[in-house]
file upload28.txt (compact mmCIF, C-alpha atoms)
# COMPACT_ATOMS: atom_id res chain seq x y z
CA MET N 1 -12.05 -84.87 -19.03
CA ARG N 2 -8.57 -83.55 -18.29
CA ALA N 3 -9.91 -79.98 -17.87
CA VAL N 4 -12.65 -81.22 -15.52
CA ARG N 5 -10.13 -83.12 -13.40
CA ALA N 6 -7.90 -80.08 -13.28
CA GLY N 7 -10.84 -77.95 -12.15
CA VAL N 8 -11.81 -80.42 -9.41
CA TRP N 9 -8.23 -80.52 -8.19
CA THR N 10 -8.14 -76.75 -8.13
CA ARG N 11 -11.33 -76.61 -6.02
CA GLU N 12 -10.03 -79.22 -3.62
CA ARG N 13 -6.79 -77.33 -3.28
CA ALA N 14 -8.69 -74.11 -2.61
CA LEU N 15 -10.76 -75.79 0.11
CA LEU N 16 -7.63 -77.09 1.80
CA LEU N 17 -6.10 -73.61 1.74
CA LEU N 18 -9.29 -71.83 2.86
CA PRO N 19 -8.69 -71.97 6.67
CA ALA N 20 -5.15 -70.62 6.33
CA ALA N 21 -6.34 -67.94 3.89
CA LEU N 22 -9.09 -66.81 6.28
CA LEU N 23 -6.65 -66.61 9.17
CA LEU N 24 -4.20 -64.63 7.06
CA ALA N 25 -6.97 -62.26 5.96
CA VAL N 26 -8.10 -61.60 9.53
CA VAL N 27 -4.62 -61.18 10.99
CA VAL N 28 -2.83 -59.36 8.14
CA VAL N 29 -5.02 -58.25 5.24
CA VAL N 30 -7.85 -56.62 7.19
CA PRO N 31 -5.56 -54.50 9.44
CA VAL N 32 -3.49 -53.39 6.44
CA LEU N 33 -6.58 -52.40 4.45
CA ARG N 34 -7.99 -50.58 7.47
CA VAL N 35 -4.80 -48.54 7.83
CA LEU N 36 -4.78 -47.72 4.13
CA MET N 37 -8.47 -46.69 4.15
CA LEU N 38 -7.94 -44.49 7.17
CA SER N 39 -5.15 -42.75 5.28
CA VAL N 40 -7.64 -41.27 2.82
CA ASN N 41 -10.51 -39.27 4.31
CA ARG N 42 -13.25 -37.32 2.55
CA VAL N 43 -13.62 -33.70 3.50
CA GLU N 44 -16.82 -31.91 2.52
CA LEU N 45 -16.51 -28.59 0.74
CA GLU N 46 -19.15 -26.17 -0.45
CA ASP N 47 -18.76 -27.23 -4.05
CA GLY N 48 -18.61 -30.98 -3.40
CA PHE N 49 -16.10 -33.45 -2.07
CA ARG N 50 -12.37 -33.74 -2.28
CA LEU N 51 -9.89 -36.28 -0.92
CA HIS N 52 -7.94 -35.31 2.14
CA LEU N 53 -4.54 -36.98 1.89
CA ALA N 54 -3.19 -36.09 5.30
CA GLY N 55 -2.95 -39.79 6.14
CA ILE N 56 -0.59 -40.28 3.22
CA GLU N 57 2.01 -37.97 4.73
CA PRO N 58 3.69 -40.73 6.80
CA TYR N 59 4.19 -42.76 3.61
CA LEU N 60 5.69 -39.77 1.79
CA ARG N 61 7.93 -39.16 4.77
CA LEU N 62 8.88 -42.84 4.75
CA TRP N 63 10.41 -42.78 1.28
CA LEU N 64 12.40 -39.66 2.16
CA ASP N 65 13.70 -41.17 5.40
CA GLY N 66 17.34 -42.26 5.21
CA ARG N 67 16.94 -44.42 8.30
CA TRP N 68 14.14 -46.34 6.59
CA TRP N 69 16.34 -47.05 3.58
CA THR N 70 19.14 -48.19 5.89
CA ALA N 71 16.76 -50.50 7.73
CA LEU N 72 15.47 -51.86 4.41
CA ARG N 73 19.03 -52.45 3.19
CA ASN N 74 19.97 -54.17 6.46
CA THR N 75 16.90 -56.37 6.20
CA ALA N 76 17.75 -57.31 2.61
CA VAL N 77 21.37 -58.16 3.49
CA PHE N 78 20.30 -60.23 6.49
CA THR N 79 17.57 -62.05 4.53
CA VAL N 80 19.66 -62.88 1.48
CA SER N 81 22.72 -63.95 3.47
CA SER N 82 20.92 -66.10 6.00
CA VAL N 83 18.53 -67.75 3.53
CA ALA N 84 21.32 -68.55 1.07
CA LEU N 85 23.45 -70.21 3.77
CA GLU N 86 20.46 -72.03 5.25
CA MET N 87 19.45 -73.45 1.90
CA THR N 88 22.97 -74.70 1.19
CA LEU N 89 23.51 -76.24 4.61
CA GLY N 90 19.93 -77.50 4.87
CA VAL N 91 20.18 -79.46 1.63
CA ALA N 92 23.56 -80.86 2.67
CA PHE N 93 22.20 -82.04 6.02
CA ALA N 94 19.11 -83.48 4.35
CA LEU N 95 21.24 -85.51 1.95
CA VAL N 96 23.20 -86.94 4.88
CA LEU N 97 20.12 -87.66 6.99
CA HIS N 98 18.39 -89.29 4.01
CA ARG N 99 21.06 -91.98 3.83
CA ALA N 100 20.67 -95.15 5.87
CA PHE N 101 23.14 -95.39 8.76
CA ARG N 102 23.14 -96.55 12.34
CA GLY N 103 21.66 -93.99 14.71
CA ARG N 104 19.93 -92.02 11.96
CA GLY N 105 16.84 -91.42 14.10
CA LEU N 106 18.89 -89.94 16.91
CA ALA N 107 20.84 -87.78 14.44
CA ARG N 108 17.59 -86.42 12.98
CA ALA N 109 16.31 -85.57 16.46
CA LEU N 110 19.54 -83.79 17.41
CA VAL N 111 19.54 -81.75 14.21
CA MET N 112 16.06 -80.45 15.04
CA LEU N 113 17.02 -79.20 18.52
CA PRO N 114 18.21 -75.69 17.52
CA TRP N 115 14.95 -75.04 15.70
CA ALA N 116 12.97 -76.00 18.82
CA LEU N 117 14.69 -73.43 21.03
CA PRO N 118 12.95 -70.07 21.64
CA THR N 119 14.55 -67.39 19.47
CA ALA N 120 15.05 -64.92 22.33
CA VAL N 121 16.88 -67.51 24.45
CA MET N 122 19.02 -68.57 21.51
CA ALA N 123 19.83 -64.93 20.66
CA LEU N 124 20.90 -64.23 24.23
CA ALA N 125 23.20 -67.25 24.17
CA TRP N 126 24.79 -66.14 20.90
CA ALA N 127 25.20 -62.61 22.23
CA TRP N 128 27.32 -64.07 25.04
CA ILE N 129 29.21 -66.28 22.59
CA PHE N 130 30.22 -63.18 20.62
CA ASN N 131 30.95 -61.08 23.71
CA ASP N 132 34.32 -59.40 23.29
CA SER N 133 35.47 -60.00 26.87
CA PHE N 134 33.91 -63.32 27.90
CA GLY N 135 32.76 -64.82 24.62
CA VAL N 136 33.61 -68.34 23.52
CA ALA N 137 34.16 -67.20 19.91
CA ASN N 138 37.13 -64.98 20.75
CA ASP N 139 38.62 -67.51 23.15
CA LEU N 140 38.37 -70.38 20.66
CA LEU N 141 39.77 -68.39 17.74
CA ARG N 142 42.67 -67.11 19.86
CA ARG N 143 43.51 -70.63 21.04
CA LEU N 144 43.59 -71.72 17.40
CA GLY N 145 45.91 -68.83 16.58
CA LEU N 146 43.42 -67.23 14.17
CA LEU N 147 43.01 -64.01 16.19
CA PRO N 148 45.86 -61.92 17.64
CA HIS N 149 43.48 -60.07 19.96
CA PRO N 150 39.77 -60.19 20.91
CA ILE N 151 37.23 -58.70 18.48
CA ALA N 152 34.20 -56.68 19.53
CA TRP N 153 31.90 -58.72 17.30
CA LEU N 154 28.73 -56.85 18.23
CA GLY N 155 30.45 -53.45 18.31
CA GLN N 156 31.32 -53.18 14.61
CA PRO N 157 28.80 -52.95 11.75
CA VAL N 158 30.14 -55.79 9.58
CA THR N 159 30.88 -58.26 12.36
CA ALA N 160 27.60 -57.49 14.13
CA MET N 161 25.64 -58.38 10.98
CA LEU N 162 27.83 -61.46 10.55
CA ALA N 163 27.09 -62.57 14.11
CA MET N 164 23.36 -62.17 13.54
CA VAL N 165 23.52 -64.21 10.34
CA VAL N 166 25.48 -66.97 12.07
CA ALA N 167 22.95 -67.14 14.90
CA ASP N 168 20.00 -67.22 12.51
CA VAL N 169 21.61 -69.87 10.31
CA TRP N 170 22.35 -72.04 13.34
CA LYS N 171 18.73 -71.89 14.49
CA THR N 172 16.77 -72.21 11.25
CA THR N 173 18.91 -74.49 9.08
CA PRO N 174 17.12 -77.50 10.65
CA PHE N 175 13.82 -76.17 9.28
CA VAL N 176 15.22 -76.12 5.74
CA ALA N 177 16.75 -79.57 6.30
CA LEU N 178 13.34 -80.89 7.37
CA ILE N 179 11.62 -79.54 4.25
CA ALA N 180 14.41 -80.82 2.00
CA LEU N 181 14.33 -84.23 3.68
CA ALA N 182 10.61 -84.50 3.06
CA GLY N 183 11.24 -83.65 -0.59
CA LEU N 184 13.99 -86.28 -0.86
CA GLN N 185 11.73 -88.96 0.57
CA ALA N 186 9.12 -88.14 -2.06
CA ILE N 187 11.53 -88.88 -4.93
CA PRO N 188 10.94 -92.41 -6.29
CA GLU N 189 13.93 -94.68 -5.80
CA GLN N 190 13.36 -96.10 -9.28
CA VAL N 191 14.25 -92.74 -10.81
CA LEU N 192 17.59 -92.61 -9.00
CA GLU N 193 18.29 -96.24 -9.84
CA ALA N 194 17.64 -95.55 -13.52
CA ALA N 195 20.12 -92.66 -13.33
CA ARG N 196 22.72 -94.99 -11.83
CA LEU N 197 22.17 -97.52 -14.60
CA ASP N 198 22.66 -94.73 -17.14
CA GLY N 199 26.15 -94.24 -15.74
CA LEU N 200 25.65 -90.88 -14.04
CA SER N 201 28.03 -90.05 -11.21
CA ALA N 202 26.79 -89.05 -7.75
CA TRP N 203 27.22 -85.35 -8.57
CA GLN N 204 25.47 -85.73 -11.94
CA ARG N 205 22.57 -87.58 -10.31
CA PHE N 206 22.21 -84.80 -7.76
CA ARG N 207 22.44 -81.98 -10.31
CA ARG N 208 20.33 -83.52 -13.09
CA VAL N 209 17.82 -85.66 -11.19
CA THR N 210 17.61 -84.96 -7.46
CA LEU N 211 17.84 -81.18 -7.52
CA PRO N 212 15.17 -80.61 -10.23
CA LEU N 213 12.76 -82.93 -8.40
CA LEU N 214 13.61 -81.24 -5.11
CA ARG N 215 13.11 -77.71 -6.44
CA PRO N 216 9.39 -77.35 -5.46
CA ALA N 217 10.17 -78.24 -1.84
CA LEU N 218 13.15 -75.88 -1.82
CA LEU N 219 11.04 -73.03 -3.16
CA VAL N 220 8.58 -73.61 -0.32
CA ALA N 221 11.47 -73.46 2.16
CA VAL N 222 12.81 -70.29 0.52
CA ALA N 223 9.39 -68.62 0.73
CA PHE N 224 8.93 -69.45 4.42
CA ARG N 225 12.46 -68.50 5.38
CA ALA N 226 12.44 -65.28 3.35
CA VAL N 227 9.29 -64.11 5.15
CA GLN N 228 10.66 -65.08 8.56
CA ALA N 229 14.06 -63.50 7.96
CA TYR N 230 12.51 -60.32 6.57
CA GLY N 231 10.37 -60.01 9.69
CA ALA N 232 13.20 -60.80 12.12
CA PHE N 233 12.73 -58.86 15.33
CA ASP N 234 13.52 -60.80 18.51
CA LEU N 235 16.92 -61.98 17.26
CA VAL N 236 17.97 -58.42 16.37
CA TYR N 237 16.43 -56.85 19.46
CA VAL N 238 18.22 -59.22 21.85
CA MET N 239 21.61 -59.48 20.12
CA THR N 240 22.32 -55.94 18.94
CA GLY N 241 19.27 -53.75 19.49
CA GLY N 242 19.84 -52.45 15.95
CA GLY N 243 23.35 -51.21 16.70
CA PRO N 244 26.02 -50.21 16.38
CA GLY N 245 24.76 -46.96 14.89
CA GLY N 246 21.73 -48.56 13.26
CA SER N 247 23.88 -50.88 11.15
CA THR N 248 21.77 -53.93 12.07
CA GLU N 249 18.39 -52.24 12.48
CA THR N 250 15.72 -54.10 10.49
CA VAL N 251 12.34 -52.97 9.22
CA SER N 252 10.51 -54.76 12.05
CA LEU N 253 12.74 -53.18 14.69
CA TYR N 254 12.34 -49.73 13.11
CA ALA N 255 8.55 -50.09 13.21
CA PHE N 256 8.77 -51.17 16.86
CA GLN N 257 10.94 -48.18 17.72
CA ASN N 258 8.47 -45.75 16.16
CA TYR N 259 5.52 -47.36 17.92
CA PHE N 260 6.80 -47.92 21.43
CA ARG N 261 9.85 -45.70 21.82
CA TYR N 262 8.94 -42.57 19.87
CA LEU N 263 5.14 -43.06 20.19
CA ASP N 264 4.80 -42.03 16.54
CA PHE N 265 1.93 -44.38 15.78
CA GLY N 266 1.15 -43.02 12.33
CA TYR N 267 4.71 -43.36 11.09
CA GLY N 268 5.18 -46.72 12.79
CA SER N 269 2.05 -47.93 11.03
CA ALA N 270 3.43 -46.71 7.70
CA VAL N 271 6.70 -48.58 8.27
CA ALA N 272 4.90 -51.79 9.22
CA THR N 273 2.37 -51.58 6.39
CA THR N 274 5.01 -50.90 3.77
CA GLY N 275 7.06 -53.79 5.12
CA VAL N 276 4.08 -56.13 4.79
CA LEU N 277 3.46 -55.00 1.21
CA ILE N 278 7.11 -55.57 0.26
CA VAL N 279 7.25 -59.07 1.74
CA THR N 280 3.90 -59.89 0.12
CA ALA N 281 5.30 -58.92 -3.27
CA LEU N 282 8.33 -61.12 -2.55
CA VAL N 283 6.16 -64.12 -1.70
CA LEU N 284 4.00 -63.63 -4.79
CA ALA N 285 7.13 -63.56 -6.93
CA LEU N 286 8.36 -66.80 -5.35
CA VAL N 287 4.96 -68.44 -5.83
CA ARG N 288 4.90 -67.41 -9.47
CA LEU N 289 8.40 -68.83 -9.87
CA ALA N 290 7.44 -72.09 -8.19
CA ARG N 291 4.12 -72.69 -9.95
CA PRO N 292 5.24 -73.90 -13.38
CA ARG N 293 8.08 -76.00 -12.00
CA ALA N 294 5.89 -77.52 -9.32
CA GLU N 295 3.22 -78.45 -11.85
CA ALA N 296 5.81 -79.81 -14.21
CA ALA N 297 7.30 -81.93 -11.46
call {"tool": "encode", "arguments": {"input": "upload28.txt", "output": "structure tokens"}}
result
Amino acid sequence: MRAVRAGVWTRERALLLLPAALLLAVVVVVPVLRVLMLSVNRVELEDGFRLHLAGIEPYLRLWLDGRWWTALRNTAVFTVSSVALEMTLGVAFALVLHRAFRGRGLARALVMLPWALPTAVMALAWAWIFNDSFGVANDLLRRLGLLPHPIAWLGQPVTAMLAMVVADVWKTTPFVALIALAGLQAIPEQVLEAARLDGLSAWQRFRRVTLPLLRPALLVAVAFRAVQAYGAFDLVYVMTGGGPGGSTETVSLYAFQNYFRYLDFGYGSAVATTGVLIVTALVLALVRLARPRAEAA
């Protein structure tokens, strides 16, 4: 009976996921497979057939391209830094917003505002904030006595990446907070009350009870944010354009440059396809990590 119920639940879950899976297949999987199939063409010879691998050349060139590796490294640094900060701050905000206090509804609405703003508009605003001549960041830090002179935030590799991470964290932390808040509301109050009766402190209750029960929701947030951060384009394009010297160029921006600036469609396709395959592997790893814990929870 247990196996039958598990099978029925699996079929129901598959039916619920079917529309999203079909959309993903049409938008992502089919174009990627088409590009890969076009990369291998059959050429007829007198003694039979052989594979013509001319379409593979962009992929071979890709892995020998130093600019590609730089873009991949920049993307990894941006993704790991922003997602780590967003998860930490998102959980902290969710814990505060989960508590009962006067004006909680208004506070929840205000926290969601940055996430509702268009990314390009938000990126333009942050680019002005970090402007070396007119930016609020330099002016505020100098008034506080933390800076002796203005910094060209977007003109140096380290500070330009830092500025991008700050802007991305400001915008998308509310998304993580929303997912974490939903996970907190799903935790039975009786479980937390039992932990209190057992004499656990607030930190012990969070570490031993709340966090393990919240882990499935957090893994969902990590998966979504990792994919979005890996594919960041508009934020980078508006704030830095990949500069200075390619130090903030991401995989998405590099693919765009090859397509629309250099008109190298074959190589741009190779960059985009490889990027999709890498992020797909990342998501599959996160799903595999989440599955046993989610089922156990």
call {"tool": "residues_around", "arguments": {"input": "upload28.txt", "residues": "Leu286 in chain N", "least_positions_apart": "3", "cutoff": "10 Å", "atoms": "only C-alpha atoms", "output": "list in words"}}
result
Leu219, Val220, Val222, Ala223, Ala226, Thr280, Ala281, Leu282, Val283, Leu289, Ala290 and Arg291 of chain N
call {"tool": "atom_distance", "arguments": {"input": "upload28.txt", "atom1": "CA of Glu57 in chain N", "atom2": "CA of Tyr267 in chain N"}}
result
8.8 Å
call {"tool": "atom_distance", "arguments": {"input": "upload28.txt", "atom1": "CA of Phe175 in chain N", "atom2": "CA of Arg11 in chain N"}}
result
29.4 Å
call {"tool": "closest_residue", "arguments": {"input": "upload28.txt", "among": "N:Pro212, N:Val83, N:Leu146, N:Ile187", "to": "Phe224 in chain N", "atoms": "all atoms listed in the file"}}
result
N:Val83
call {"tool": "atom_distance", "arguments": {"input": "upload28.txt", "atom1": "CA of Val158 in chain N", "atom2": "CA of Ser247 in chain N"}}
result
8.1 Å
